[in-house]
file target_15.txt (compact mmCIF, C-alpha atoms)
# COMPACT_ATOMS: atom_id res chain seq x y z
CA MET P 27 -27.20 -43.76 9.60
CA ASN P 28 -29.98 -43.04 7.12
CA LEU P 29 -29.84 -40.10 4.76
CA SER P 30 -32.12 -37.67 6.55
CA THR P 31 -30.37 -38.16 9.90
CA ARG P 32 -27.06 -37.61 8.17
CA MET P 33 -28.31 -34.39 6.57
CA VAL P 34 -29.48 -33.07 9.93
CA VAL P 35 -26.28 -34.08 11.70
CA VAL P 36 -23.93 -32.59 9.08
CA LEU P 37 -25.76 -29.30 8.68
CA THR P 38 -26.22 -28.89 12.44
CA SER P 39 -22.55 -29.50 13.16
CA ILE P 40 -21.43 -27.10 10.43
CA GLY P 41 -23.76 -24.49 11.87
CA LEU P 42 -22.61 -25.08 15.43
CA LEU P 43 -18.93 -25.00 14.53
CA SER P 44 -19.21 -21.86 12.46
CA GLY P 45 -21.41 -20.19 15.07
CA SER P 46 -19.02 -20.81 17.91
CA PHE P 47 -16.04 -19.77 15.80
CA LEU P 48 -17.76 -16.52 14.84
CA ALA P 49 -18.65 -15.86 18.47
CA ILE P 50 -14.95 -16.01 19.31
CA VAL P 51 -13.96 -13.73 16.43
CA GLY P 52 -16.73 -11.30 17.44
CA GLN P 53 -15.51 -11.21 21.03
CA VAL P 54 -11.90 -10.67 20.01
CA THR P 55 -12.63 -7.81 17.60
CA LYS P 56 -15.56 -6.15 19.38
CA GLU P 57 -13.59 -3.91 21.70
CA ARG P 58 -11.23 -2.80 18.99
CA ILE P 59 -14.08 -1.91 16.60
CA LEU P 60 -15.86 0.17 19.26
CA PHE P 61 -12.55 1.80 20.13
CA ASN P 62 -11.93 2.71 16.45
CA LYS P 63 -15.34 4.36 16.15
CA LYS P 64 -14.92 6.32 19.36
CA ARG P 65 -11.40 7.43 18.50
CA GLU P 66 -12.47 8.59 15.05
CA ILE P 67 -15.14 10.87 16.51
CA GLU P 68 -12.87 12.19 19.25
CA GLU P 69 -10.10 12.95 16.78
CA ALA P 70 -12.58 14.83 14.60
CA ALA P 71 -13.83 16.76 17.63
CA LEU P 72 -10.30 17.81 18.58
CA ARG P 73 -9.43 18.75 15.01
CA VAL P 74 -12.26 21.22 14.47
CA VAL P 75 -11.45 23.53 17.39
CA PRO P 76 -7.99 25.14 17.25
CA GLY P 77 -5.95 24.89 20.45
CA ALA P 78 -8.15 22.22 21.99
CA LYS P 79 -6.28 19.61 24.01
CA SER P 80 -9.00 17.76 25.90
CA ILE P 81 -12.64 17.05 25.25
CA GLN P 82 -15.62 16.09 27.30
CA VAL P 83 -19.13 15.14 26.26
CA ILE P 84 -21.49 17.62 27.89
CA TYR P 85 -24.68 16.90 26.01
CA GLU P 86 -25.83 13.86 24.11
CA GLU P 87 -28.98 12.86 22.32
CA ARG P 88 -29.80 10.78 19.25
CA ASP P 89 -27.79 12.08 16.27
CA PHE P 90 -26.47 15.08 18.20
CA THR P 91 -23.53 15.35 20.60
CA VAL P 92 -21.82 18.38 22.10
CA PHE P 93 -18.19 18.17 23.17
CA GLN P 94 -16.74 20.83 25.39
CA GLU P 95 -13.14 21.57 24.43
CA LYS P 96 -10.44 22.87 26.76
CA ASP P 97 -6.88 24.01 26.11
CA GLU P 98 -3.80 23.08 28.13
CA GLN P 99 -4.67 25.51 30.95
CA GLY P 100 -8.14 24.06 31.24
CA ARG P 101 -9.91 27.05 29.71
CA VAL P 102 -12.93 26.39 27.54
CA VAL P 103 -11.95 27.23 23.95
CA GLY P 104 -15.10 26.11 22.19
CA TYR P 105 -17.46 23.29 21.39
CA ALA P 106 -17.49 20.56 18.81
CA LEU P 107 -20.95 19.61 17.60
CA GLN P 108 -21.39 16.18 16.10
CA ALA P 109 -24.54 16.16 14.00
CA SER P 110 -26.07 14.17 11.19
CA GLY P 111 -28.74 14.51 8.56
CA THR P 112 -29.83 13.27 5.16
CA GLY P 113 -27.52 13.86 2.23
CA PHE P 114 -28.11 13.08 -1.43
CA GLN P 115 -28.10 9.31 -0.95
CA ASP P 116 -27.50 8.50 2.67
CA GLU P 117 -26.80 9.99 6.04
CA ILE P 118 -24.02 12.54 6.41
CA VAL P 119 -22.33 12.69 9.81
CA LEU P 120 -20.18 15.74 10.43
CA GLY P 121 -18.37 17.63 13.14
CA VAL P 122 -18.42 21.42 13.51
CA GLY P 123 -16.09 23.43 15.71
CA VAL P 124 -17.54 26.63 17.18
CA ASN P 125 -16.29 29.13 19.76
CA SER P 126 -17.82 29.21 23.21
CA GLU P 127 -20.12 32.14 22.36
CA LEU P 128 -21.44 30.17 19.36
CA THR P 129 -20.76 33.16 17.11
CA LYS P 130 -17.87 31.81 15.08
CA LEU P 131 -17.45 28.56 13.18
CA PHE P 132 -13.82 27.42 13.31
CA SER P 133 -13.93 24.56 10.86
CA LEU P 134 -15.91 21.61 9.56
CA THR P 135 -15.04 17.96 9.12
CA ILE P 136 -17.03 15.12 7.55
CA ILE P 137 -17.06 11.97 9.65
CA ASP P 138 -19.21 9.71 7.51
CA GLN P 139 -20.90 10.04 4.12
CA LYS P 140 -21.94 7.97 1.12
CA GLU P 141 -22.38 10.74 -1.47
CA THR P 142 -21.73 10.16 -5.19
CA PRO P 143 -18.01 9.51 -5.76
CA GLY P 144 -16.43 12.37 -7.68
CA LEU P 145 -19.38 14.72 -7.14
CA GLY P 146 -21.04 14.87 -3.74
CA ALA P 147 -18.13 13.04 -2.14
CA LYS P 148 -16.10 16.21 -2.69
CA ILE P 149 -17.58 17.45 0.59
CA THR P 150 -14.80 15.49 2.29
CA GLU P 151 -12.05 17.25 0.34
CA GLU P 152 -10.07 20.05 1.90
CA ALA P 153 -9.18 21.73 -1.42
CA SER P 154 -12.60 21.82 -3.04
CA PHE P 155 -14.93 22.24 -0.07
CA LEU P 156 -13.75 22.24 3.53
CA ARG P 157 -11.33 25.16 3.23
CA TYR P 158 -14.28 27.41 2.41
CA TRP P 159 -15.72 26.56 5.82
CA GLN P 160 -12.97 28.01 7.95
CA ASP P 161 -13.61 30.90 10.36
CA ARG P 162 -17.17 31.71 9.32
CA ASP P 163 -19.40 34.13 11.17
CA CYS P 164 -22.36 32.09 12.38
CA THR P 165 -24.38 34.64 14.34
CA GLN P 166 -26.84 34.37 11.44
CA PRO P 167 -27.52 31.08 9.59
CA LEU P 168 -24.83 30.43 6.98
CA GLN P 169 -25.62 30.93 3.29
CA LEU P 170 -24.46 29.08 0.17
CA ARG P 171 -22.52 31.00 -2.45
CA LYS P 172 -23.62 29.95 -5.90
CA PRO P 173 -21.84 29.90 -8.29
CA PRO P 174 -18.81 29.14 -6.14
CA VAL P 175 -15.76 31.39 -5.97
CA GLU P 176 -12.14 30.29 -6.18
CA ASP P 177 -10.68 32.37 -3.34
CA PRO P 178 -12.13 31.85 0.18
CA LYS P 179 -11.46 35.53 0.92
CA SER P 180 -14.03 36.69 -1.62
CA LEU P 181 -16.84 35.01 0.34
CA ALA P 182 -18.89 37.11 2.74
CA ALA P 183 -18.32 36.28 6.42
CA ASN P 184 -21.41 34.08 6.62
CA GLU P 185 -21.11 32.51 3.17
CA VAL P 186 -19.75 29.11 2.15
CA ASN P 187 -19.07 27.66 -1.29
CA THR P 188 -21.34 25.32 -3.25
CA ILE P 189 -19.79 22.38 -5.10
CA THR P 190 -20.59 22.65 -8.79
CA GLY P 191 -22.67 19.62 -9.79
CA ALA P 192 -23.41 18.69 -6.19
CA THR P 193 -25.76 21.38 -4.96
CA ILE P 194 -27.86 18.92 -2.98
CA SER P 195 -24.88 17.57 -1.06
CA SER P 196 -23.65 21.11 -0.37
CA LYS P 197 -27.10 22.18 0.77
CA SER P 198 -27.46 19.14 3.02
CA VAL P 199 -24.18 19.92 4.75
CA LEU P 200 -25.26 23.54 5.15
CA ASN P 201 -28.60 22.55 6.68
CA ILE P 202 -27.04 20.09 9.10
CA VAL P 203 -24.52 22.72 10.24
CA ASN P 204 -27.13 25.47 10.61
CA GLN P 205 -29.46 23.20 12.53
CA ALA P 206 -26.66 21.99 14.78
CA ILE P 207 -25.66 25.54 15.67
CA ALA P 208 -29.28 26.57 16.26
CA LYS P 209 -29.74 23.59 18.53
CA ALA P 210 -26.57 24.34 20.48
CA ARG P 211 -27.74 27.93 20.92
CA GLN P 212 -31.09 26.74 22.25
CA LEU P 213 -29.35 24.35 24.66
CA ARG P 214 -27.17 27.18 25.86
CA GLU P 215 -30.18 29.36 26.58
CA GLU P 216 -31.68 26.51 28.55
CA GLY P 217 -28.43 26.32 30.49
CA LYS P 218 -27.67 22.79 29.38
CA LEU P 219 -24.18 23.48 28.08
CA GLY P 220 -22.65 23.62 31.55
CA SER P 221 -21.30 26.64 33.37
CA GLU P 222 -19.13 29.06 31.43
CA LYS P 223 -16.95 31.70 32.83
CA MET O 93 -11.72 -34.14 -20.19
CA ALA O 94 -8.16 -34.94 -19.26
CA GLN O 95 -6.87 -33.94 -15.86
CA LYS O 96 -5.14 -30.57 -16.05
CA SER O 97 -1.61 -30.06 -14.77
CA ILE O 98 -1.13 -28.09 -11.56
CA ALA O 99 0.22 -25.11 -13.48
CA GLN O 100 -2.82 -25.13 -15.77
CA GLU O 101 -5.07 -25.32 -12.74
CA LEU O 102 -3.49 -22.09 -11.50
CA THR O 103 -3.33 -20.14 -14.76
CA LYS O 104 -6.76 -21.01 -16.15
CA GLY O 105 -8.28 -18.47 -13.74
CA LEU O 106 -6.15 -15.73 -15.22
CA TRP O 107 -7.23 -16.12 -18.82
CA SER O 108 -8.97 -19.13 -20.32
CA GLU O 109 -11.54 -19.43 -17.52
CA GLY O 110 -11.21 -15.93 -16.04
CA PRO O 111 -13.98 -15.51 -13.47
CA VAL O 112 -15.07 -12.06 -14.63
CA THR O 113 -14.24 -12.03 -18.33
CA ARG O 114 -15.19 -15.65 -19.19
CA GLN O 115 -17.58 -16.89 -16.53
CA LEU O 116 -19.12 -13.44 -15.95
CA LEU O 117 -19.28 -14.07 -12.22
CA GLY O 118 -18.85 -11.56 -9.43
CA LEU O 119 -19.82 -8.69 -11.70
CA CYS O 120 -21.75 -6.80 -9.03
CA SER O 121 -18.69 -6.29 -6.87
CA VAL O 122 -16.44 -5.56 -9.86
CA LEU O 123 -18.78 -2.81 -11.03
CA ALA O 124 -19.12 -1.37 -7.55
CA VAL O 125 -15.59 -1.15 -6.19
CA SER O 126 -13.55 -0.51 -9.33
CA ASN O 127 -13.80 3.30 -9.18
CA ALA O 128 -10.37 3.49 -7.55
CA VAL O 129 -7.42 1.09 -7.65
CA ILE O 130 -7.03 0.89 -3.88
CA ASN O 131 -10.65 -0.23 -3.37
CA GLY O 132 -10.11 -2.90 -6.01
CA ILE O 133 -6.99 -4.20 -4.28
CA ALA O 134 -8.73 -4.37 -0.90
CA MET O 135 -11.79 -6.08 -2.33
CA GLY O 136 -9.57 -8.47 -4.29
CA LEU O 137 -7.63 -9.48 -1.20
CA ALA O 138 -10.80 -9.95 0.85
CA VAL O 139 -12.29 -12.16 -1.89
CA THR O 140 -9.01 -14.10 -2.14
CA PHE O 141 -9.11 -14.82 1.59
CA VAL O 142 -12.72 -16.01 1.49
CA LEU O 143 -12.35 -17.96 -1.75
CA VAL O 144 -9.16 -19.80 -0.79
CA PHE O 145 -10.34 -20.80 2.67
CA SER O 146 -13.85 -21.78 1.69
CA SER O 147 -12.56 -23.82 -1.28
CA LEU O 148 -10.08 -25.52 1.03
CA LEU O 149 -12.69 -26.32 3.65
CA VAL O 150 -15.37 -27.39 1.18
CA SER O 151 -12.94 -29.73 -0.53
CA LEU O 152 -11.76 -31.07 2.83
CA ILE O 153 -15.24 -32.10 3.96
CA ARG O 154 -16.72 -32.77 0.52
CA LYS O 155 -17.21 -36.47 1.23
CA LEU O 156 -19.02 -35.84 4.52
CA ILE O 157 -21.63 -33.47 3.12
CA PRO O 158 -24.74 -35.23 1.77
CA ASN O 159 -25.54 -34.05 -1.75
CA GLN O 160 -28.96 -32.66 -0.76
CA VAL O 161 -27.66 -30.14 1.75
CA ARG O 162 -24.44 -29.21 -0.03
CA ILE O 163 -25.45 -25.69 -1.13
CA ALA O 164 -26.68 -24.80 2.34
CA SER O 165 -23.43 -26.08 3.85
CA TYR O 166 -21.31 -24.11 1.38
CA ILE O 167 -23.23 -20.92 2.12
CA VAL O 168 -22.73 -21.32 5.88
CA ILE O 169 -19.00 -21.89 5.36
CA ILE O 170 -18.64 -18.94 2.98
CA ALA O 171 -20.69 -16.64 5.20
CA SER O 172 -18.49 -17.51 8.18
CA PHE O 173 -15.30 -16.56 6.35
CA VAL O 174 -16.90 -13.37 5.04
CA THR O 175 -17.93 -12.36 8.56
CA ILE O 176 -14.39 -13.00 9.78
CA ALA O 177 -12.95 -10.87 6.97
CA ASP O 178 -15.45 -8.09 7.69
CA ARG O 179 -14.79 -8.01 11.45
CA VAL O 180 -11.02 -8.16 11.06
CA LEU O 181 -11.05 -5.33 8.50
CA ALA O 182 -13.25 -3.19 10.75
CA ALA O 183 -11.02 -3.83 13.75
CA TYR O 184 -7.56 -3.48 12.27
CA PHE O 185 -7.99 -1.62 8.96
CA HIS O 186 -10.63 0.91 9.89
CA ASP O 187 -10.13 3.35 6.97
CA LEU O 188 -10.12 0.58 4.40
CA SER O 189 -13.25 -0.98 5.83
CA LYS O 190 -15.00 2.39 5.66
CA ALA O 191 -14.02 2.79 2.01
CA MET O 192 -15.39 -0.66 1.19
CA GLY O 193 -18.71 0.15 2.79
CA PRO O 194 -21.31 -2.57 2.44
CA TYR O 195 -19.38 -4.56 -0.18
CA VAL O 196 -17.44 -6.79 2.20
CA PRO O 197 -20.56 -8.41 3.72
CA LEU O 198 -21.82 -8.79 0.15
CA ILE O 199 -18.92 -11.15 -0.71
CA VAL O 200 -21.30 -13.82 0.62
CA VAL O 201 -23.34 -13.52 -2.56
CA ASN O 202 -20.29 -13.18 -4.84
CA CYS O 203 -21.03 -16.00 -7.26
CA ILE O 204 -17.36 -16.72 -7.92
CA ILE O 205 -17.08 -18.26 -4.47
CA LEU O 206 -20.20 -20.41 -4.49
CA GLY O 207 -19.48 -21.20 -8.14
CA ARG O 208 -15.99 -22.53 -7.40
CA ALA O 209 -17.21 -24.44 -4.35
CA GLU O 210 -19.93 -26.14 -6.38
CA ALA O 211 -18.09 -26.60 -9.68
CA PHE O 212 -14.61 -27.40 -8.46
CA ALA O 213 -13.89 -27.76 -4.75
CA SER O 214 -16.71 -30.26 -4.21
CA LYS O 215 -15.19 -32.62 -6.79
CA ASN O 216 -11.43 -32.17 -6.42
CA SER O 217 -8.64 -32.72 -3.92
CA VAL O 218 -7.71 -30.12 -1.30
CA GLY O 219 -4.49 -29.16 -3.09
CA ARG O 220 -6.12 -28.71 -6.48
CA SER O 221 -9.02 -26.76 -5.01
CA THR O 222 -6.70 -24.36 -3.21
CA ILE O 223 -4.67 -23.78 -6.35
CA ASP O 224 -7.83 -23.30 -8.39
CA ALA O 225 -9.06 -20.76 -5.82
CA LEU O 226 -5.76 -18.87 -5.96
CA GLY O 227 -5.89 -18.74 -9.76
CA MET O 228 -9.49 -17.54 -9.79
CA SER O 229 -8.70 -14.85 -7.20
CA GLY O 230 -5.77 -13.79 -9.36
CA GLY O 231 -8.03 -13.38 -12.37
CA TYR O 232 -10.53 -11.42 -10.30
CA ILE O 233 -7.85 -9.10 -8.93
CA LEU O 234 -6.36 -8.55 -12.41
CA THR O 235 -9.72 -7.45 -13.80
CA LEU O 236 -10.33 -5.18 -10.81
CA LEU O 237 -6.88 -3.62 -11.19
CA LEU O 238 -7.34 -3.01 -14.89
CA MET O 239 -10.79 -1.49 -14.48
CA GLY O 240 -9.80 0.44 -11.38
CA ALA O 241 -6.73 1.93 -13.07
CA ILE O 242 -8.63 3.09 -16.17
CA ARG O 243 -11.61 4.44 -14.24
CA GLU O 244 -9.49 6.23 -11.67
CA LEU O 245 -7.22 7.69 -14.35
CA LEU O 246 -10.06 9.04 -16.49
CA GLY O 247 -12.37 9.90 -13.61
CA SER O 248 -10.00 11.53 -11.13
CA ARG O 249 -6.77 11.96 -13.17
CA SER O 250 -4.86 9.74 -10.75
CA ILE O 251 -3.80 6.15 -10.09
CA LEU O 252 -3.58 4.93 -6.49
CA GLY O 253 -4.17 8.52 -5.39
CA GLN O 254 -1.10 9.74 -7.32
CA GLN O 255 -1.88 12.54 -9.75
CA ILE O 256 -0.96 11.33 -13.26
CA LEU O 257 -2.75 13.62 -15.69
CA GLY O 258 -2.33 17.39 -15.41
CA ARG O 259 -5.01 20.02 -14.94
CA TRP O 260 -5.45 20.21 -18.73
CA PHE O 261 -7.42 16.99 -18.55
CA GLU O 262 -11.03 17.51 -17.55
CA PRO O 263 -11.96 14.40 -15.48
CA TRP O 264 -14.72 12.24 -16.94
CA VAL O 265 -16.93 12.05 -13.88
CA VAL O 266 -19.08 9.43 -15.62
CA MET O 267 -16.19 6.99 -15.20
CA LEU O 268 -16.61 7.10 -11.42
CA LEU O 269 -20.36 6.53 -11.64
CA PRO O 270 -22.19 3.25 -12.38
CA PRO O 271 -22.52 3.92 -16.16
CA GLY O 272 -18.73 4.22 -16.46
CA ALA O 273 -18.37 0.86 -14.75
CA PHE O 274 -20.74 -0.81 -17.21
CA ILE O 275 -19.03 0.78 -20.21
CA MET O 276 -15.57 -0.30 -19.05
CA LEU O 277 -16.70 -3.82 -18.17
CA GLY O 278 -18.29 -4.21 -21.61
CA LEU O 279 -15.13 -2.99 -23.34
CA ILE O 280 -12.87 -5.28 -21.29
CA ILE O 281 -15.02 -8.36 -21.92
CA SER O 282 -15.28 -7.65 -25.65
CA LEU O 283 -11.53 -7.04 -25.92
CA SER O 284 -10.73 -10.24 -24.09
CA ASN O 285 -13.11 -12.14 -26.38
CA TYR O 286 -11.49 -10.54 -29.41
CA PHE O 287 -7.99 -11.61 -28.37
CA ASP O 288 -9.24 -15.07 -27.50
CA LEU O 289 -10.80 -15.52 -30.96
CA LYS O 290 -7.59 -14.29 -32.59
CA ALA O 291 -5.55 -16.79 -30.59
CA LYS O 292 -7.90 -19.63 -31.53
CA GLU O 293 -7.68 -18.74 -35.22
CA ARG O 294 -3.91 -18.83 -35.09
CA ARG O 295 -3.92 -22.24 -33.43
CA ARG O 296 -6.27 -23.76 -36.01
CA PRO O 297 -4.37 -25.80 -38.60
CA ARG O 298 -4.67 -24.47 -42.11
call {"tool": "encode", "arguments": {"input": "target_15.txt", "output": "structure tokens"}}
result
Amino acid sequence: MNLSTRMVVVLTSIGLLSGSFLAIVGQVTKERILFNKKREIEEAALRVVPGAKSIQVIYEERDFTVFQEKDEQGRVVGYALQASGTGFQDEIVLGVGVNSELTKLFSLTIIDQKETPGLGAKITEEASFLRYWQDRDCTQPLQLRKPPVEDPKSLAANEVNTITGATISSKSVLNIVNQAIAKARQLREEGKLGSEK
Amino acid sequence: MAQKSIAQELTKGLWSEGPVTRQLLGLCSVLAVSNAVINGIAMGLAVTFVLVFSSLLVSLIRKLIPNQVRIASYIVIIASFVTIADRVLAAYFHDLSKAMGPYVPLIVVNCIILGRAEAFASKNSVGRSTIDALGMSGGYILTLLLMGAIRELLGSRSILGQQILGRWFEPWVVMLLPPGAFIMLGLIISLSNYFDLKAKERRRPR
């Protein structure tokens, strides 16, 4: 076999072997990876609405999903809104729990983010950020409190804390949440959030 | 150069030919994932997996690969193992794979792996290549651990998520950011050079 044939044969067989091997690995892991992603979002959706036991997707579009949440007796206890938007460096994906009248925000959770470690990434921390997002009044758009306060009780009902040194990340989260709630409200007026009783 | 003993083959990666401190390879990933110890461990293990198996395979088929297409062959082999590592992490260690972000796929371009394939595995037996790969991975993990521990301690007051320093210590946020990584890497390389020079001076006959 001359050199160029040998080169072609060797490289082609390496490529074929590795390709078919990877196809197998891809098949084996595919389901599990999709399952992980789905479970992560569903867990977040259940977490943000207190008392919720089951969830159902009632509205879905690009970058925005509404889950209807029911308790054990099958009563609607609220909605979880999965929304995303631009943060300081990359997309932030978050979940917001609201009551069924869309007047009260139960809590917030961050599903995905790539903010600066140690600064913007604090948006995922319960102690320094998320606990200031519990039980907010969202009839009006939420406002940032700057400079931040230590005790969540000293915030006004529609205020949330800013993270010192990460105003842009805090603001991005605020905008995503406000937009998500506004969108949900609009969908409700259009009657797209299903029947409520 | 005389053939090294098996033990030397293993330990050279830890000190005398340390991949990060001596060969200055794989710096990109060291800088990126050393802001917390746990990320360093995960990255270290993923690199170990890829390095050991690609060294083994490259050395196994080294006589079949024509010289002209060797680099392309190595890259295909390395990329395959990296993809396997990435998929398996995403499927079975979801949280870890999220923390590692885009760095796992980037192991493909980690020069330690191509460097060892080209400089060692393509010229040595399967056994030696595997041991060399293990030693090099060890050196890489050691550097990551050292940098991760210092950066996490100074940047978030903790090691492996365990609070070490009290509230009196104001965290140096810069340690978690890219500049902190460069500063630490520079210090570690200069310290290791310093100790190496000292050791050489002591060995020199007077």
call {"tool": "atom_distance", "arguments": {"input": "target_15.txt", "atom1": "atom CA of O:Thr103", "atom2": "atom CA of O:Ile204"}}
result
16.0 Å
call {"tool": "atom_distance", "arguments": {"input": "target_15.txt", "atom1": "atom CA of O:Gly207", "atom2": "atom CA of O:Ala182"}}
result
26.8 Å
call {"tool": "interface_residues", "arguments": {"input": "target_15.txt", "of": "chain P", "to": "chain O", "cutoff": "7 Å", "atoms": "only C-alpha atoms", "output": "PyMOL selection string"}}
result
chain P and resi 33+36-37+40-41+44+48+51+55+58-59+62+143-144
call {"tool": "atom_distance", "arguments": {"input": "target_15.txt", "atom1": "atom CA of P:Lys96", "atom2": "atom CA of P:Lys63"}}
result
21.9 Å
call {"tool": "residues_near_point", "arguments": {"input": "target_15.txt", "point": "(-3.3, -16.6, -7.9)", "cutoff": "8 Å", "atoms": "all atoms listed in the file", "output": "MDAnalysis selection string"}}
result
chainID O and resid 102:103 105:106 223 225:231
call {"tool": "residues_around", "arguments": {"input": "target_15.txt", "residues": "O:Ala124", "least_positions_apart": "2", "cutoff": "12 Å", "atoms": "all atoms listed in the file", "output": "JSON list (two decimals) with C-alpha atoms, in the coordinates of the input"}}
result
[["chain", "number", "residue", "atom", "x", "y", "z"],
["P", 143, "PRO", "CA", -18.01, 9.51, -5.76],
["O", 118, "GLY", "CA", -18.85, -11.56, -9.43],
["O", 119, "LEU", "CA", -19.82, -8.69, -11.70],
["O", 120, "CYS", "CA", -21.75, -6.80, -9.03],
["O", 121, "SER", "CA", -18.69, -6.29, -6.87],
["O", 122, "VAL", "CA", -16.44, -5.56, -9.86],
["O", 126, "SER", "CA", -13.55, -0.51, -9.33],
["O", 127, "ASN", "CA", -13.80, 3.30, -9.18],
["O", 128, "ALA", "CA", -10.37, 3.49, -7.55],
["O", 129, "VAL", "CA", -7.42, 1.09, -7.65],
["O", 131, "ASN", "CA", -10.65, -0.23, -3.37],
["O", 132, "GLY", "CA", -10.11, -2.90, -6.01],
["O", 135, "MET", "CA", -11.79, -6.08, -2.33],
["O", 191, "ALA", "CA", -14.02, 2.79, 2.01],
["O", 192, "MET", "CA", -15.39, -0.66, 1.19],
["O", 193, "GLY", "CA", -18.71, 0.15, 2.79],
["O", 194, "PRO", "CA", -21.31, -2.57, 2.44],
["O", 195, "TYR", "CA", -19.38, -4.56, -0.18],
["O", 196, "VAL", "CA", -17.44, -6.79, 2.20],
["O", 198, "LEU", "CA", -21.82, -8.79, 0.15],
["O", 199, "ILE", "CA", -18.92, -11.15, -0.71],
["O", 236, "LEU", "CA", -10.33, -5.18, -10.81],
["O", 239, "MET", "CA", -10.79, -1.49, -14.48],
["O", 240, "GLY", "CA", -9.80, 0.44, -11.38],
["O", 243, "ARG", "CA", -11.61, 4.44, -14.24],
["O", 267, "MET", "CA", -16.19, 6.99, -15.20],
["O", 268, "LEU", "CA", -16.61, 7.10, -11.42],
["O", 269, "LEU", "CA", -20.36, 6.53, -11.64],
["O", 270, "PRO", "CA", -22.19, 3.25, -12.38],
["O", 271, "PRO", "CA", -22.52, 3.92, -16.16],
["O", 272, "GLY", "CA", -18.73, 4.22, -16.46],
["O", 273, "ALA", "CA", -18.37, 0.86, -14.75],
["O", 274, "PHE", "CA", -20.74, -0.81, -17.21],
["O", 277, "LEU", "CA", -16.70, -3.82, -18.17]]
call {"tool": "residues_around", "arguments": {"input": "target_15.txt", "residues": "O:Val150", "least_positions_apart": "6", "cutoff": "7 Å", "atoms": "all atoms listed in the file", "output": "VMD selection string"}}
result
chain O and resid 166 209 213 to 214
call {"tool": "closest_residue", "arguments": {"input": "target_15.txt", "among": "P:Ile136, P:Val92, P:Val74, P:Ile50", "to": "P:Asp161", "atoms": "all atoms listed in the file"}}
result
P:Val74
call {"tool": "residues_around", "arguments": {"input": "target_15.txt", "residues": "stretch 79-85 of chain P", "least_positions_apart": "3", "cutoff": "8 Å", "atoms": "all atoms listed in the file", "output": "CSV table (one decimal) with C-alpha atoms, keeping the file's coordinate frame"}}
result
chain,number,residue,atom,x,y,z
P,68,GLU,CA,-12.9,12.2,19.2
P,71,ALA,CA,-13.8,16.8,17.6
P,72,LEU,CA,-10.3,17.8,18.6
P,91,THR,CA,-23.5,15.4,20.6
P,92,VAL,CA,-21.8,18.4,22.1
P,93,PHE,CA,-18.2,18.2,23.2
P,94,GLN,CA,-16.7,20.8,25.4
P,95,GLU,CA,-13.1,21.6,24.4
P,96,LYS,CA,-10.4,22.9,26.8
P,97,ASP,CA,-6.9,24.0,26.1
P,98,GLU,CA,-3.8,23.1,28.1
P,218,LYS,CA,-27.7,22.8,29.4
P,219,LEU,CA,-24.2,23.5,28.1
P,220,GLY,CA,-22.6,23.6,31.6
call {"tool": "residues_around", "arguments": {"input": "target_15.txt", "residues": "O:Ile133", "least_positions_apart": "3", "cutoff": "8 Å", "atoms": "only C-alpha atoms", "output": "ChimeraX atom specification"}}
result
/O:129-130,136-137,233,236-237
call {"tool": "residues_around", "arguments": {"input": "target_15.txt", "residues": "stretch 99-115 of chain P", "least_positions_apart": "2", "cutoff": "7 Å", "atoms": "all atoms listed in the file", "output": "ChimeraX atom specification"}}
result
/P:71,74-75,78,89-97,117-126,140-141,194-195,198,202,206
call {"tool": "residues_near_point", "arguments": {"input": "target_15.txt", "point": "(-22.5, 33.5, 7.6)", "cutoff": "8 Å", "atoms": "all atoms listed in the file", "output": "list in words"}}
result
Arg162, Asp163, Cys164, Thr165, Gln166, Pro167, Leu168, Gln169, Ala182, Ala183, Asn184, Glu185 and Val186 of chain P
